[in-house]
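File shown here: target.cif, holding mmCIF, C-alpha atoms; chains and numbers go by the auth columns.
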```cif
data_protein
#
loop_
_atom_site.group_PDB
_atom_site.id
_atom_site.type_symbol
_atom_site.label_atom_id
_atom_site.label_comp_id
_atom_site.label_asym_id
_atom_site.label_seq_id
_atom_site.Cartn_x
_atom_site.Cartn_y
_atom_site.Cartn_z
_atom_site.B_iso_or_equiv
_atom_site.auth_seq_id
_atom_site.auth_asym_id
ATOM 1 C CA MET A 1 31.537 31.328 37.839 0.00 708 A
ATOM 2 C CA LYS A 2 31.124 30.713 34.104 0.00 709 A
ATOM 3 C CA LYS A 3 34.887 30.348 33.690 0.00 710 A
ATOM 4 C CA LEU A 4 34.989 27.749 36.454 0.00 711 A
ATOM 5 C CA LEU A 5 32.163 25.779 34.854 0.00 712 A
ATOM 6 C CA PHE A 6 33.852 25.955 31.450 0.00 713 A
ATOM 7 C CA ALA A 7 37.167 24.778 32.918 0.00 714 A
ATOM 8 C CA ALA A 8 35.420 21.901 34.695 0.00 715 A
ATOM 9 C CA LEU A 9 33.749 20.816 31.445 0.00 716 A
ATOM 10 C CA LEU A 10 37.066 20.901 29.618 0.00 717 A
ATOM 11 C CA PHE A 11 38.630 18.722 32.300 0.00 718 A
ATOM 12 C CA VAL A 12 35.779 16.211 32.476 0.00 719 A
ATOM 13 C CA SER A 13 35.359 15.680 28.723 0.00 720 A
ATOM 14 C CA PRO A 14 38.774 14.075 28.066 0.00 721 A
ATOM 15 C CA VAL A 15 38.443 11.930 31.194 0.00 722 A
ATOM 16 C CA ALA A 16 35.033 10.658 30.087 0.00 723 A
ATOM 17 C CA MET A 17 36.328 9.900 26.607 0.00 724 A
ATOM 18 C CA ALA A 18 39.333 8.012 27.976 0.00 725 A
ATOM 19 C CA ASP A 19 36.934 5.606 29.712 0.00 726 A
ATOM 20 C CA SER A 20 35.630 4.160 26.425 0.00 727 A
ATOM 21 C CA THR A 21 36.727 0.582 25.813 0.00 728 A
ATOM 22 C CA PRO A 22 37.766 -0.754 22.385 0.00 729 A
ATOM 23 C CA ALA A 23 35.349 -3.232 20.785 0.00 730 A
ATOM 24 C CA GLY A 24 35.888 -6.841 21.827 0.00 731 A
ATOM 25 C CA HIS A 25 37.285 -5.977 25.243 0.00 732 A
ATOM 26 C CA GLU A 26 35.518 -6.367 28.552 0.00 733 A
ATOM 27 C CA LYS A 27 33.709 -3.328 29.824 0.00 734 A
ATOM 28 C CA ASP A 28 32.895 -2.872 33.530 0.00 735 A
ATOM 29 C CA GLY A 29 33.966 -6.455 34.267 0.00 736 A
ATOM 30 C CA GLY A 30 31.080 -7.861 32.191 0.00 737 A
ATOM 31 C CA LYS A 31 30.915 -9.856 29.009 0.00 738 A
ATOM 32 C CA PRO A 32 33.068 -8.786 26.064 0.00 739 A
ATOM 33 C CA GLU A 33 31.313 -6.394 23.719 0.00 740 A
ATOM 34 C CA MET A 34 30.081 -7.848 20.445 0.00 741 A
ATOM 35 C CA SER A 35 31.713 -6.830 17.207 0.00 742 A
ATOM 36 C CA PHE A 36 29.732 -4.899 14.639 0.00 743 A
ATOM 37 C CA GLU A 37 29.204 -8.033 12.542 0.00 744 A
ATOM 38 C CA GLN A 38 27.926 -9.974 15.567 0.00 745 A
ATOM 39 C CA ARG A 39 25.514 -7.183 16.526 0.00 746 A
ATOM 40 C CA LYS A 40 24.347 -6.896 12.927 0.00 747 A
ATOM 41 C CA ALA A 41 23.691 -10.657 12.750 0.00 748 A
ATOM 42 C CA LYS A 42 21.682 -10.539 16.000 0.00 749 A
ATOM 43 C CA VAL A 43 19.583 -7.616 14.760 0.00 750 A
ATOM 44 C CA LEU A 44 18.895 -9.351 11.445 0.00 751 A
ATOM 45 C CA GLU A 45 17.949 -12.537 13.287 0.00 752 A
ATOM 46 C CA ARG A 46 15.463 -10.674 15.517 0.00 753 A
ATOM 47 C CA MET A 47 14.018 -8.788 12.538 0.00 754 A
ATOM 48 C CA SER A 48 13.528 -12.011 10.568 0.00 755 A
ATOM 49 C CA ALA A 49 11.775 -13.645 13.530 0.00 756 A
ATOM 50 C CA ARG A 50 9.516 -10.626 13.946 0.00 757 A
ATOM 51 C CA GLN A 51 8.719 -10.565 10.229 0.00 758 A
ATOM 52 C CA ALA A 52 7.756 -14.262 10.294 0.00 759 A
ATOM 53 C CA GLU A 53 5.532 -13.647 13.322 0.00 760 A
ATOM 54 C CA MET A 54 3.798 -10.723 11.616 0.00 761 A
ATOM 55 C CA GLN A 55 3.282 -12.717 8.400 0.00 762 A
ATOM 56 C CA LYS A 56 1.627 -15.522 10.372 0.00 763 A
ATOM 57 C CA LYS A 57 -0.704 -13.065 12.102 0.00 764 A
ATOM 58 C CA MET A 58 -1.582 -11.504 8.759 0.00 765 A
ATOM 59 C CA GLN A 59 -2.310 -14.910 7.199 0.00 766 A
ATOM 60 C CA ASP A 60 -4.503 -15.841 10.183 0.00 767 A
ATOM 61 C CA ARG A 61 -6.386 -12.550 9.907 0.00 768 A
ATOM 62 C CA LEU A 62 -6.769 -12.943 6.139 0.00 769 A
ATOM 63 C CA GLY A 63 -8.294 -16.402 6.630 0.00 770 A
ATOM 64 C CA CYS A 64 -10.649 -15.024 9.265 0.00 771 A
ATOM 65 C CA VAL A 65 -11.841 -12.235 6.969 0.00 772 A
ATOM 66 C CA GLN A 66 -12.325 -14.642 4.059 0.00 773 A
ATOM 67 C CA ALA A 67 -14.329 -17.027 6.244 0.00 774 A
ATOM 68 C CA SER A 68 -16.549 -14.328 7.777 0.00 775 A
ATOM 69 C CA THR A 69 -20.181 -14.372 6.721 0.00 776 A
ATOM 70 C CA THR A 70 -21.649 -11.652 8.946 0.00 777 A
ATOM 71 C CA PRO A 71 -20.595 -8.167 10.049 0.00 778 A
ATOM 72 C CA ASP A 72 -20.059 -9.459 13.593 0.00 779 A
ATOM 73 C CA ALA A 73 -17.845 -12.267 12.325 0.00 780 A
ATOM 74 C CA LEU A 74 -15.814 -9.717 10.388 0.00 781 A
ATOM 75 C CA LYS A 75 -15.450 -7.528 13.490 0.00 782 A
ATOM 76 C CA ALA A 76 -14.228 -10.567 15.424 0.00 783 A
ATOM 77 C CA CYS A 77 -11.243 -10.758 13.057 0.00 784 A
ATOM 78 C CA PHE A 78 -9.990 -7.454 14.481 0.00 785 A
ATOM 79 C CA PRO A 79 -10.244 -7.791 18.282 0.00 786 A
ATOM 80 C CA ASN A 80 -7.921 -4.863 19.034 0.00 787 A
ATOM 81 C CA ARG A 81 -9.556 -2.384 16.659 0.00 788 A
ATOM 82 C CA LYS A 82 -11.580 0.307 18.356 0.00 789 A
ATOM 83 C CA GLU A 83 -14.391 2.152 16.668 0.00 790 A
ATOM 84 C CA ARG A 84 -12.864 5.223 15.059 0.00 791 A
ATOM 85 C CA HIS A 85 -16.090 7.153 15.027 0.00 792 A
ATOM 86 C CA GLU A 86 -18.745 6.732 17.682 0.00 793 A
ATOM 87 C CA GLY A 87 -21.541 7.639 15.266 0.00 794 A
ATOM 88 C CA LYS A 88 -20.618 4.881 12.822 0.00 795 A
ATOM 89 C CA SER A 89 -23.496 2.696 11.654 0.00 796 A
ATOM 90 C CA ASP A 90 -23.318 -1.102 11.960 0.00 797 A
ATOM 91 C CA GLY A 91 -23.194 -1.572 8.173 0.00 798 A
ATOM 92 C CA ASP A 92 -20.217 0.782 7.707 0.00 799 A
ATOM 93 C CA ASP A 93 -16.990 -1.036 6.857 0.00 800 A
ATOM 94 C CA GLY A 94 -14.802 1.851 7.996 0.00 801 A
ATOM 95 C CA GLU A 95 -13.729 3.085 4.566 0.00 802 A
ATOM 96 C CA HIS A 96 -13.907 6.788 3.857 0.00 803 A
ATOM 97 C CA LYS A 97 -15.642 7.940 0.713 0.00 804 A
#
```

How would this structure read if it were set down as structure tokens?
Amino acid sequence: MKKLLFAALLFVSPVAMADSTPAGHEKDGGKPEMSFEQRKAKVLERMSARQAEMQKKMQDRLGCVQASTTPDALKACFPNRKERHEGKSDGDDGEHK
């Protein structure tokens, strides 16, 4: 049984590898695959857009913190932050000593 399984794996491996398509050629009747340089440019474009988005959020949050005058106003700058410790007092700013 083990010999049969081993023989089947040896037969299937070369067949599966022969199915790979060279870059730039159509695969499965779809669009041509992008070259490495095209993929790299797309990734860099998405990363730059994400970085700009994150910088804007950080600037907005920084302005909110600078404008806050009460503990509740400061908390409002971080709407997604959950209390890390349930026993935390209202005056605690979350820093560990």

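Going from atom CA of A:Asn787 over to atom CA of A:Cys771, you cover 14.4 Å.
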
| What gap, in Å, lies between atom CA of A:Pro739 and atom CA of A:Ala756? |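 Separation of atom CA of A:Pro739 and atom CA of A:Ala756: 25.2 Å.
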
| task | Could you please determine the separation between atom CA of A:Lys763 and atom CA of A:Thr776 in Å, to one decimal place? | result |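 These two atoms are separated by 22.1 Å.
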
| From the list A:Ala780, A:Phe785, A:Ala748, A:Arg753, which residue is nearest A:Arg768 when using only C-alpha atoms? | A:Phe785
